[in-house]
file query-v1.csv (CSV, C-alpha atoms)
chain,number,residue,atom,x,y,z
A,184,MET,CA,37.9,6.9,14.1
A,185,CYS,CA,34.6,5.4,15.3
A,186,SER,CA,32.6,7.0,18.1
A,187,CYS,CA,29.8,5.5,20.3
A,188,GLN,CA,27.4,7.4,18.2
A,189,ASP,CA,28.8,6.0,14.9
A,190,LEU,CA,28.5,2.5,16.3
A,191,LEU,CA,24.9,3.0,17.4
A,192,ALA,CA,24.0,4.4,13.9
A,193,ARG,CA,25.6,1.4,12.2
A,194,LEU,CA,24.7,-1.3,14.6
A,195,GLY,CA,22.3,-2.9,12.1
A,196,GLU,CA,25.2,-3.5,9.7
A,197,VAL,CA,27.3,-4.9,12.6
A,198,LEU,CA,24.6,-7.3,13.6
A,199,ASP,CA,24.0,-8.4,10.0
A,200,ASP,CA,27.7,-8.8,9.4
A,201,GLN,CA,27.7,-6.3,6.6
A,202,VAL,CA,30.4,-3.9,7.7
A,203,THR,CA,33.2,-2.8,5.3
A,204,ALA,CA,36.8,-3.7,6.1
A,205,ASP,CA,37.6,-0.1,7.0
A,206,PHE,CA,34.7,0.3,9.4
A,207,ARG,CA,35.5,-3.1,10.9
A,208,ARG,CA,39.0,-1.9,11.7
A,209,ASP,CA,37.7,1.3,13.3
A,210,LEU,CA,35.1,-0.7,15.2
A,211,GLN,CA,37.6,-3.1,16.7
A,212,GLU,CA,39.8,-0.1,17.7
A,213,HIS,CA,36.7,1.5,19.4
A,214,LEU,CA,35.6,-1.7,21.1
A,215,SER,CA,39.1,-2.3,22.5
A,216,HIS,CA,38.6,0.7,24.9
A,217,CYS,CA,34.8,1.2,25.2
A,218,ARG,CA,33.3,-1.3,27.6
A,219,ARG,CA,29.7,0.2,27.2
A,220,CYS,CA,29.8,-0.4,23.4
A,221,VAL,CA,31.1,-4.0,23.9
A,222,VAL,CA,28.0,-4.6,26.2
A,223,LEU,CA,25.7,-3.0,23.7
A,224,VAL,CA,27.0,-5.0,20.7
A,225,ASN,CA,27.0,-8.3,22.7
A,226,SER,CA,23.6,-7.9,24.3
A,227,THR,CA,21.9,-6.7,21.1
A,228,ARG,CA,23.4,-9.7,19.3
A,229,GLU,CA,22.1,-11.9,22.1
A,230,THR,CA,18.7,-10.3,21.8
A,231,VAL,CA,18.5,-11.3,18.1
A,232,ARG,CA,19.8,-14.8,18.7
A,233,ILE,CA,17.3,-15.5,21.5
A,234,VAL,CA,14.4,-14.1,19.5
A,235,THR,CA,15.5,-16.1,16.5
A,236,GLU,CA,16.1,-19.4,18.3
A,237,HIS,CA,13.0,-19.5,20.4
A,238,ARG,CA,10.0,-20.3,18.3
A,239,THR,CA,7.5,-17.8,19.7
A,240,PHE,CA,3.9,-17.1,18.8
A,241,VAL,CA,2.9,-20.7,18.0
A,242,LEU,CA,0.0,-21.1,15.7
A,243,PRO,CA,-3.3,-21.8,17.4
A,244,PRO,CA,-4.3,-25.5,17.0
A,245,GLY,CA,-6.8,-26.3,14.3
A,246,ILE,CA,-6.6,-22.9,12.5
A,247,SER,CA,-5.9,-24.4,9.1
A,248,SER,CA,-9.1,-26.6,9.3
A,249,LYS,CA,-11.1,-23.6,10.5
A,250,ILE,CA,-9.9,-21.6,7.4
A,251,MET,CA,-10.7,-24.5,5.0
A,252,LYS,CA,-14.1,-25.1,6.6
A,253,ARG,CA,-15.0,-21.4,6.1
A,254,ILE,CA,-13.8,-21.5,2.4
A,255,CYS,CA,-15.7,-24.7,1.7
A,256,GLY,CA,-18.8,-23.4,3.5
A,257,ALA,CA,-18.7,-20.3,1.4
A,258,LYS,CA,-18.5,-22.3,-1.8
A,259,GLU,CA,-21.5,-24.4,-0.9
A,260,ASP,CA,-23.4,-21.3,0.2
A,261,PRO,CA,-24.6,-19.6,-3.0
B,19,MET,CA,-2.5,-35.6,6.9
B,20,ASP,CA,-0.5,-36.5,3.7
B,21,ARG,CA,1.0,-33.5,2.1
B,22,PRO,CA,2.0,-34.1,-1.5
B,23,GLN,CA,5.4,-32.8,-2.4
B,24,PRO,CA,5.6,-30.0,-5.1
B,25,GLY,CA,8.4,-31.9,-6.9
B,26,SER,CA,5.9,-34.7,-7.6
B,27,LEU,CA,3.7,-32.5,-9.7
B,28,PRO,CA,3.6,-33.0,-13.4
B,29,ALA,CA,5.4,-30.3,-15.3
B,30,ALA,CA,2.3,-29.7,-17.4
B,31,GLY,CA,0.6,-28.3,-14.3
B,32,LEU,CA,3.1,-25.5,-13.9
B,33,PRO,CA,2.1,-22.1,-15.0
B,34,ALA,CA,5.5,-21.6,-16.6
B,35,ALA,CA,4.3,-19.2,-19.4
B,36,ARG,CA,2.8,-16.8,-16.9
B,37,LEU,CA,6.0,-16.7,-14.8
B,38,ASP,CA,8.3,-16.3,-17.7
B,39,GLY,CA,6.2,-14.0,-19.8
B,40,PRO,CA,6.5,-10.2,-20.0
B,41,LEU,CA,5.5,-8.3,-16.9
B,42,SER,CA,3.2,-5.2,-17.0
B,43,ALA,CA,4.8,-1.9,-16.2
B,44,GLU,CA,2.6,-1.3,-13.2
B,45,VAL,CA,3.5,-4.4,-11.3
B,46,GLY,CA,6.6,-5.7,-13.0
B,47,THR,CA,9.5,-4.1,-11.0
B,48,ALA,CA,12.7,-6.0,-11.4
B,49,PRO,CA,13.0,-7.4,-7.9
B,50,TYR,CA,9.4,-8.7,-8.1
B,51,ALA,CA,10.0,-10.3,-11.4
B,52,ALA,CA,13.2,-12.0,-10.2
B,53,GLU,CA,11.4,-13.3,-7.1
B,54,ALA,CA,8.4,-14.5,-9.1
B,55,ARG,CA,10.6,-16.8,-11.1
B,56,LEU,CA,11.8,-18.5,-8.0
B,57,ASP,CA,8.3,-19.0,-6.6
B,58,ASP,CA,8.0,-22.5,-5.2
B,59,ASP,CA,4.3,-22.1,-4.6
B,60,ALA,CA,3.6,-21.7,-8.3
B,61,ALA,CA,2.6,-25.3,-8.9
B,62,TRP,CA,0.2,-25.2,-5.9
B,63,VAL,CA,-1.4,-22.0,-7.1
B,64,ALA,CA,-1.9,-23.5,-10.5
B,65,ARG,CA,-3.6,-26.5,-9.0
B,66,ALA,CA,-5.8,-24.4,-6.7
B,67,LEU,CA,-6.8,-22.3,-9.7
B,68,ALA,CA,-7.8,-25.5,-11.4
B,69,GLY,CA,-10.2,-26.2,-8.5
B,70,ASP,CA,-8.1,-28.5,-6.3
B,71,ALA,CA,-9.1,-27.6,-2.8
B,72,GLY,CA,-6.3,-29.8,-1.4
B,73,ALA,CA,-3.8,-27.6,-3.2
B,74,PHE,CA,-5.1,-24.5,-1.5
B,75,GLU,CA,-5.1,-26.3,1.8
B,76,THR,CA,-1.4,-27.0,1.2
B,77,LEU,CA,-0.8,-23.3,0.6
B,78,VAL,CA,-2.6,-22.5,3.9
B,79,GLU,CA,-0.4,-25.0,5.8
B,80,ARG,CA,2.8,-23.6,4.2
B,81,HIS,CA,2.1,-20.0,5.0
B,82,ALA,CA,-0.2,-20.1,8.1
B,83,HIS,CA,2.6,-19.6,10.6
B,84,ARG,CA,4.2,-16.7,8.7
B,85,VAL,CA,0.8,-15.0,8.2
B,86,PHE,CA,-0.1,-15.5,11.9
B,87,ARG,CA,3.2,-14.0,13.1
B,88,LEU,CA,2.9,-11.1,10.7
B,89,LEU,CA,-0.6,-10.4,12.0
B,90,VAL,CA,0.4,-10.7,15.7
B,91,GLY,CA,3.1,-8.2,14.8
B,92,LEU,CA,0.6,-5.8,13.3
B,93,THR,CA,-2.3,-6.2,15.6
B,94,GLY,CA,-0.4,-6.9,18.9
B,95,ASN,CA,-2.7,-9.7,20.1
B,96,HIS,CA,-3.5,-13.3,19.3
B,97,ALA,CA,-7.3,-13.1,18.9
B,98,ASP,CA,-7.2,-10.2,16.4
B,99,ALA,CA,-4.4,-12.0,14.5
B,100,GLU,CA,-6.5,-15.2,14.3
B,101,ASP,CA,-9.5,-13.3,12.9
B,102,ALA,CA,-7.5,-11.3,10.4
B,103,MET,CA,-5.7,-14.5,9.3
B,104,GLN,CA,-9.0,-16.3,8.6
B,105,ASN,CA,-10.1,-13.2,6.6
B,106,ALA,CA,-6.8,-13.0,4.7
B,107,PHE,CA,-6.9,-16.6,3.5
B,108,PHE,CA,-10.6,-16.4,2.7
B,109,LYS,CA,-9.9,-13.4,0.5
B,110,ALA,CA,-6.8,-14.9,-1.0
B,111,HIS,CA,-8.9,-17.9,-2.1
B,112,ARG,CA,-11.7,-15.8,-3.5
B,113,HIS,CA,-9.3,-13.6,-5.5
B,114,LEU,CA,-6.7,-16.2,-6.5
B,115,GLY,CA,-7.7,-15.7,-10.1
B,116,GLU,CA,-6.5,-12.1,-9.9
B,117,PHE,CA,-3.0,-13.1,-8.7
B,118,GLN,CA,-0.7,-12.0,-11.5
B,119,SER,CA,2.4,-14.1,-10.7
B,120,ALA,CA,4.4,-10.8,-11.0
B,121,SER,CA,5.5,-11.3,-7.4
B,122,LYS,CA,5.8,-14.4,-5.3
B,123,PHE,CA,2.5,-15.9,-4.0
B,124,SER,CA,3.8,-15.4,-0.4
B,125,THR,CA,4.4,-11.7,-1.0
B,126,TRP,CA,0.9,-11.3,-2.5
B,127,LEU,CA,-0.6,-13.2,0.4
B,128,MET,CA,1.2,-11.1,2.9
B,129,ARG,CA,-0.1,-7.9,1.3
B,130,ILE,CA,-3.6,-9.2,1.7
B,131,ALA,CA,-2.8,-10.1,5.4
B,132,ILE,CA,-1.3,-6.7,6.0
B,133,ASN,CA,-4.5,-5.0,4.7
B,134,GLU,CA,-6.6,-7.2,7.0
B,135,GLY,CA,-4.3,-6.4,9.9
B,136,VAL,CA,-4.5,-2.6,9.2
B,137,GLU,CA,-8.3,-2.9,8.8
B,138,CYS,CA,-8.4,-4.6,12.2
B,139,LEU,CA,-6.5,-1.8,13.8
B,140,ARG,CA,-8.8,0.8,12.1
B,141,LYS,CA,-11.9,-1.0,13.5
B,142,ARG,CA,-10.3,-1.0,17.0
B,143,ARG,CA,-9.7,2.7,16.7
B,144,SER,CA,-7.7,2.6,20.0
B,145,GLN,CA,-4.5,2.6,18.0
B,146,PRO,CA,-3.5,4.8,15.0
B,147,PRO,CA,-2.7,3.2,11.7
B,148,LEU,CA,0.8,1.9,11.2
B,149,GLU,CA,2.2,4.9,9.5
B,150,GLU,CA,0.9,7.3,12.1
B,151,TRP,CA,2.8,5.8,15.0
B,152,ASP,CA,4.9,8.4,16.6
B,153,GLU,CA,8.5,7.9,15.8
B,154,GLY,CA,9.3,8.9,19.3
B,155,SER,CA,12.4,10.8,20.3
B,156,GLU,CA,15.8,9.5,19.6
B,157,GLU,CA,16.0,9.0,23.4
B,158,ALA,CA,13.6,6.1,23.1
B,159,PHE,CA,16.3,4.1,21.1
B,160,ARG,CA,19.3,5.2,23.1
B,161,PRO,CA,20.7,2.3,25.2
B,162,HIS,CA,20.4,2.9,29.0
B,163,LEU,CA,20.9,-0.5,30.6
B,164,LEU,CA,24.5,-1.5,29.9
B,165,ARG,CA,25.3,-4.1,32.4
B,166,PRO,CA,26.8,-7.3,30.7
B,167,TRP,CA,24.4,-10.2,30.2
B,168,GLU,CA,24.8,-13.7,31.5
B,169,GLU,CA,26.8,-16.1,29.3
B,170,ASN,CA,23.8,-18.1,28.3
B,171,PRO,CA,21.0,-15.8,29.5
B,172,GLU,CA,18.1,-17.9,28.6
B,173,HIS,CA,19.4,-20.7,30.9
B,174,LEU,CA,18.2,-18.6,33.8
B,175,TYR,CA,14.7,-19.6,32.9
B,176,SER,CA,12.7,-22.6,31.6
B,177,GLN,CA,11.9,-22.7,27.9
B,178,VAL,CA,8.3,-21.8,28.6
B,179,GLN,CA,9.4,-18.8,30.7
B,180,VAL,CA,11.7,-17.5,28.0
B,181,ARG,CA,9.0,-17.8,25.4
B,182,GLU,CA,6.6,-15.9,27.8
B,183,ILE,CA,9.1,-13.2,28.4
B,184,LEU,CA,9.9,-12.8,24.7
B,185,GLU,CA,6.2,-12.7,23.6
B,186,ARG,CA,5.3,-10.2,26.3
B,187,GLU,CA,8.2,-7.8,25.5
B,188,ILE,CA,7.8,-8.1,21.7
B,189,LEU,CA,4.0,-7.3,22.0
B,190,LYS,CA,4.9,-4.1,24.0
B,191,LEU,CA,6.9,-2.7,21.0
B,192,PRO,CA,5.1,-0.1,18.9
B,193,ALA,CA,3.5,-1.8,15.8
B,194,LYS,CA,5.9,-0.5,13.1
B,195,TYR,CA,8.9,-1.8,15.0
B,196,ARG,CA,7.2,-5.0,16.2
B,197,VAL,CA,6.2,-6.0,12.7
B,198,ALA,CA,9.8,-5.5,11.5
B,199,VAL,CA,11.2,-7.7,14.3
B,200,MET,CA,8.5,-10.3,13.7
B,201,LEU,CA,9.3,-10.6,10.0
B,202,ARG,CA,13.1,-10.5,10.2
B,203,ASP,CA,14.0,-12.0,13.5
B,204,VAL,CA,11.1,-14.3,14.4
B,205,GLU,CA,10.1,-15.4,10.9
B,206,GLN,CA,13.6,-14.9,9.5
B,207,LEU,CA,12.5,-13.4,6.2
B,208,PRO,CA,15.3,-11.8,4.1
B,209,ALA,CA,15.2,-8.0,4.4
B,210,GLU,CA,14.2,-7.6,0.8
B,211,GLU,CA,11.2,-9.9,1.2
B,212,ALA,CA,10.1,-8.3,4.5
B,213,ALA,CA,10.4,-4.8,2.9
B,214,ALA,CA,8.4,-5.9,-0.2
B,215,ALA,CA,5.7,-7.4,2.0
B,216,LEU,CA,5.4,-4.1,4.0
B,217,GLU,CA,5.8,-2.0,0.8
B,218,LEU,CA,8.8,-0.2,2.4
B,219,PRO,CA,12.2,0.7,1.0
B,220,VAL,CA,14.8,-1.8,2.4
B,221,ALA,CA,16.6,1.0,4.2
B,222,THR,CA,13.4,2.0,6.1
B,223,LEU,CA,12.8,-1.6,7.1
B,224,LYS,CA,16.3,-1.8,8.4
B,225,THR,CA,16.0,1.4,10.4
B,226,ARG,CA,12.8,0.1,12.0
B,227,LEU,CA,14.3,-3.3,12.6
B,228,LEU,CA,17.3,-1.8,14.4
B,229,ARG,CA,15.0,0.4,16.6
B,230,GLY,CA,12.9,-2.6,17.4
B,231,ARG,CA,15.9,-4.6,18.4
B,232,LEU,CA,17.3,-1.8,20.5
B,233,MET,CA,14.0,-1.3,22.3
B,234,LEU,CA,13.7,-5.1,22.9
B,235,ARG,CA,17.3,-5.3,24.1
B,236,GLU,CA,16.4,-2.6,26.7
B,237,THR,CA,13.3,-4.4,28.0
B,238,LEU,CA,15.1,-7.8,28.0
B,239,SER,CA,18.1,-6.5,29.9
B,240,PRO,CA,16.6,-6.7,33.4
B,241,HIS,CA,15.8,-10.4,32.7
B,242,PHE,CA,19.1,-11.5,31.2
B,243,ARG,CA,21.8,-9.3,32.7
B,244,LYS,CA,24.4,-10.6,35.1
B,245,ARG,CA,23.0,-10.9,38.6
B,246,SER,CA,26.2,-9.9,40.4
B,247,LYS,CA,27.6,-6.4,40.4
B,248,GLU,CA,31.0,-7.5,39.2
B,249,GLY,CA,30.1,-6.7,35.5
B,250,GLY,CA,29.6,-3.1,36.3
B,251,GLY,CA,27.5,-0.8,34.1
B,252,VAL,CA,24.0,0.4,34.8
call {"tool": "encode", "arguments": {"input": "query-v1.csv", "output": "structure tokens"}}
result
Amino acid sequence: MCSCQDLLARLGEVLDDQVTADFRRDLQEHLSHCRRCVVLVNSTRETVRIVTEHRTFVLPPGISSKIMKRICGAKEDP
Amino acid sequence: MDRPQPGSLPAAGLPAARLDGPLSAEVGTAPYAAEARLDDDAAWVARALAGDAGAFETLVERHAHRVFRLLVGLTGNHADAEDAMQNAFFKAHRHLGEFQSASKFSTWLMRIAINEGVECLRKRRSQPPLEEWDEGSEEAFRPHLLRPWEENPEHLYSQVQVREILEREILKLPAKYRVAVMLRDVEQLPAEEAAAALELPVATLKTRLLRGRLMLRETLSPHFRKRSKEGGGV
């Protein structure tokens, strides 16, 4: 039997789809009557999806050239 | 700029002997050895070692985004990440001859970047090093906001707004959880590779990742939950 606490502890496995068949069965049974855990699983899954799909933290423009300029400058500078 | 394709390199330029040769006991753990054999940067590294500046530039372009995100994850801000990134590539170029090919080039580069990021945190002194972050009580990871989210929550906002919300909330995470989220969910590195870069056991990386995801879910909930009361919950 799976409790809310068990689910929270193993949520990483659930999100990464790495649960065993036995635990999946227990989990489904638990989710069929625990609305809070349904929300938890769905919203955490959505969190991962949104973070993954939106390309955040874009590289500052020109950074590669700056790096190469510094490297080439250091080579010429004895 | 034209970027030559690795597949077009002559086989003679590949450092095959180094990749397939015996690995030293200090650095040659099995996972590292396995990943080194699959290193698709090997040809570029060989050319850069032979003095081809263009090859190193290709390595910079291939890894710049990943290194930048790793360093934003560690330092928590763009300016420090940019400085640390420049230092990391500069050092990688200078020490390329010491790269042993016992691990992937990307793993080696990320280790250098992590050292630069940690050094940056140390100089700032306002924040403790990564390992000294307070784990926090279990309460910090317990879900509190449990109202259902909208069907397509990000459609409540423009693309730019979603990106701003995500960046703001990710940057608020404690560094050890933030860097796990950055490597696994933003950069989508496999858990084994992210753990190797951070020199952590995979299980520890996974624990930190789950905690980061839970904290992020909590702070994103007010933005993305259903607006009406019909869904119930807190």
call {"tool": "atom_distance", "arguments": {"input": "query-v1.csv", "atom1": "CA of Leu242 (chain A)", "atom2": "CA of Arg87 (chain B)"}}
result
8.2 Å
call {"tool": "atom_distance", "arguments": {"input": "query-v1.csv", "atom1": "CA of Met233 (chain B)", "atom2": "CA of His162 (chain B)"}}
result
10.2 Å
call {"tool": "residues_around", "arguments": {"input": "query-v1.csv", "residues": "Asp199 (chain A)", "least_positions_apart": "6", "cutoff": "12 Å", "atoms": "all atoms listed in the file", "output": "ChimeraX atom specification"}}
result
/A:193,224,227-228,231-232 /B:202-203,208-209,224,227-228
call {"tool": "write_last_selection", "arguments": {"input": "query-v1.csv", "atoms": "C-alpha atoms", "output": "tab-separated table (two decimals), keeping the file's coordinate frame"}}
result
chain	number	residue	atom	x	y	z
A	193	ARG	CA	25.60	1.40	12.20
A	224	VAL	CA	27.00	-5.00	20.70
A	227	THR	CA	21.90	-6.70	21.10
A	228	ARG	CA	23.40	-9.70	19.30
A	231	VAL	CA	18.50	-11.30	18.10
A	232	ARG	CA	19.80	-14.80	18.70
B	202	ARG	CA	13.10	-10.50	10.20
B	203	ASP	CA	14.00	-12.00	13.50
B	208	PRO	CA	15.30	-11.80	4.10
B	209	ALA	CA	15.20	-8.00	4.40
B	224	LYS	CA	16.30	-1.80	8.40
B	227	LEU	CA	14.30	-3.30	12.60
B	228	LEU	CA	17.30	-1.80	14.40
call {"tool": "atom_distance", "arguments": {"input": "query-v1.csv", "atom1": "CA of Pro166 (chain B)", "atom2": "CA of Val222 (chain A)"}}
result
5.4 Å
call {"tool": "closest_atom_pairs", "arguments": {"input": "query-v1.csv", "of": "chain A", "to": "chain B", "cutoff": "7 Å", "atoms": "all atoms listed in the file", "output": "CSV"}}
result
residue,atom,partner,partner_atom,distance
A:Gly195,CA,B:Leu228,CA,5.6
A:Arg219,CA,B:Leu164,CA,6.1
A:Val222,CA,B:Pro166,CA,5.4
A:Leu223,CA,B:Leu164,CA,6.5
A:Ser226,CA,B:Trp167,CA,6.4
A:Thr227,CA,B:Arg235,CA,5.7
A:Thr230,CA,B:Arg235,CA,5.7
A:Val231,CA,B:Asp203,CA,6.5
A:Val234,CA,B:Val204,CA,6.1
A:Thr235,CA,B:Val204,CA,5.2
A:His237,CA,B:Arg181,CA,6.6
A:Thr239,CA,B:Arg181,CA,5.9
A:Phe240,CA,B:Arg87,CA,6.5
A:Leu242,CA,B:His83,CA,5.9
A:Ser247,CA,B:Glu79,CA,6.4
A:Ile250,CA,B:Gln104,CA,5.5
A:Met251,CA,B:Glu75,CA,6.7
A:Ile254,CA,B:Phe108,CA,6.0
call {"tool": "closest_residue", "arguments": {"input": "query-v1.csv", "among": "A:Ala257, A:Leu194, A:Cys185, A:Ile233", "to": "Ser215 (chain A)", "atoms": "only C-alpha atoms"}}
result
A:Cys185
call {"tool": "closest_residue", "arguments": {"input": "query-v1.csv", "among": "A:Cys255, A:Val197, A:Val241, A:Ile246", "to": "Gln211 (chain A)", "atoms": "only C-alpha atoms"}}
result
A:Val197
call {"tool": "residues_around", "arguments": {"input": "query-v1.csv", "residues": "region 134-144 of chain B", "least_positions_apart": "4", "cutoff": "7 Å", "atoms": "all atoms listed in the file", "output": "PDB file with C-alpha atoms, in the coordinates of the input"}}
result
ATOM      1  CA  LEU B  89      -0.600 -10.400  12.000  1.00  0.00           C
ATOM      2  CA  LEU B  92       0.600  -5.800  13.300  1.00  0.00           C
ATOM      3  CA  THR B  93      -2.300  -6.200  15.600  1.00  0.00           C
ATOM      4  CA  ALA B 102      -7.500 -11.300  10.400  1.00  0.00           C
ATOM      5  CA  ASN B 105     -10.100 -13.200   6.600  1.00  0.00           C
ATOM      6  CA  ALA B 106      -6.800 -13.000   4.700  1.00  0.00           C
ATOM      7  CA  ILE B 130      -3.600  -9.200   1.700  1.00  0.00           C
TER       8      ILE B 130
END
call {"tool": "residues_near_point", "arguments": {"input": "query-v1.csv", "point": "(35.2, 4.3, 12.6)", "cutoff": "8 Å", "atoms": "only C-alpha atoms", "output": "ChimeraX atom specification"}}
result
/A:184-186,189-190,205-210,213
call {"tool": "build_atoms", "arguments": {"input": "query-v1.csv", "residues": "region 188-196 of chain A", "atoms": "all heavy atoms", "output": "short mmCIF file (atom, residue, chain, number, x, y, z; two decimals), in the frame of the given file"}}
result
data_model
loop_
_atom_site.label_atom_id
_atom_site.label_comp_id
_atom_site.auth_asym_id
_atom_site.auth_seq_id
_atom_site.Cartn_x
_atom_site.Cartn_y
_atom_site.Cartn_z
N GLN A 188 28.48 7.04 18.99
CA GLN A 188 27.40 7.40 18.20
C GLN A 188 27.39 6.76 16.79
O GLN A 188 26.37 6.29 16.28
CB GLN A 188 27.43 8.98 17.99
CG GLN A 188 26.13 9.73 18.01
CD GLN A 188 25.08 9.20 18.99
OE1 GLN A 188 25.36 8.84 20.14
NE2 GLN A 188 23.86 9.14 18.50
N ASP A 189 28.61 6.70 16.19
CA ASP A 189 28.80 6.00 14.90
C ASP A 189 28.37 4.55 15.02
O ASP A 189 27.69 3.99 14.16
CB ASP A 189 30.24 6.06 14.41
CG ASP A 189 30.70 7.47 14.12
OD1 ASP A 189 29.85 8.31 13.81
OD2 ASP A 189 31.92 7.71 14.23
N LEU A 190 28.83 3.96 16.10
CA LEU A 190 28.50 2.50 16.30
C LEU A 190 27.04 2.31 16.39
O LEU A 190 26.49 1.40 15.77
CB LEU A 190 29.25 2.01 17.52
CG LEU A 190 29.14 0.49 17.72
CD1 LEU A 190 30.40 -0.07 18.34
CD2 LEU A 190 27.95 0.10 18.55
N LEU A 191 26.38 3.14 17.18
CA LEU A 191 24.90 3.00 17.40
C LEU A 191 24.21 3.15 16.03
O LEU A 191 23.30 2.38 15.70
CB LEU A 191 24.43 4.03 18.38
CG LEU A 191 22.96 3.94 18.77
CD1 LEU A 191 22.62 2.57 19.37
CD2 LEU A 191 22.60 5.03 19.78
N ALA A 192 24.64 4.13 15.23
CA ALA A 192 24.00 4.40 13.90
C ALA A 192 24.17 3.20 12.98
O ALA A 192 23.31 2.94 12.16
CB ALA A 192 24.54 5.66 13.32
N ARG A 193 25.30 2.51 13.10
CA ARG A 193 25.60 1.40 12.20
C ARG A 193 25.50 0.05 12.79
O ARG A 193 26.01 -0.93 12.26
CB ARG A 193 26.97 1.66 11.53
CG ARG A 193 27.01 2.97 10.75
CD ARG A 193 28.35 3.23 10.12
NE ARG A 193 28.66 2.27 9.06
CZ ARG A 193 29.74 2.36 8.29
NH1 ARG A 193 30.60 3.37 8.46
NH2 ARG A 193 29.97 1.46 7.35
N LEU A 194 24.81 -0.01 13.93
CA LEU A 194 24.70 -1.30 14.60
C LEU A 194 24.01 -2.36 13.81
O LEU A 194 24.34 -3.55 13.89
CB LEU A 194 24.01 -1.08 15.99
CG LEU A 194 23.94 -2.26 16.94
CD1 LEU A 194 25.33 -2.82 17.26
CD2 LEU A 194 23.22 -1.89 18.23
N GLY A 195 23.04 -1.93 13.00
CA GLY A 195 22.30 -2.90 12.10
C GLY A 195 23.28 -3.62 11.22
O GLY A 195 23.19 -4.85 11.05
N GLU A 196 24.22 -2.86 10.63
CA GLU A 196 25.20 -3.50 9.70
C GLU A 196 26.10 -4.44 10.51
O GLU A 196 26.47 -5.50 10.00
CB GLU A 196 26.12 -2.40 9.11
CG GLU A 196 25.41 -1.44 8.19
CD GLU A 196 26.28 -0.22 7.92
OE1 GLU A 196 27.46 -0.39 7.55
OE2 GLU A 196 25.78 0.91 8.10
#
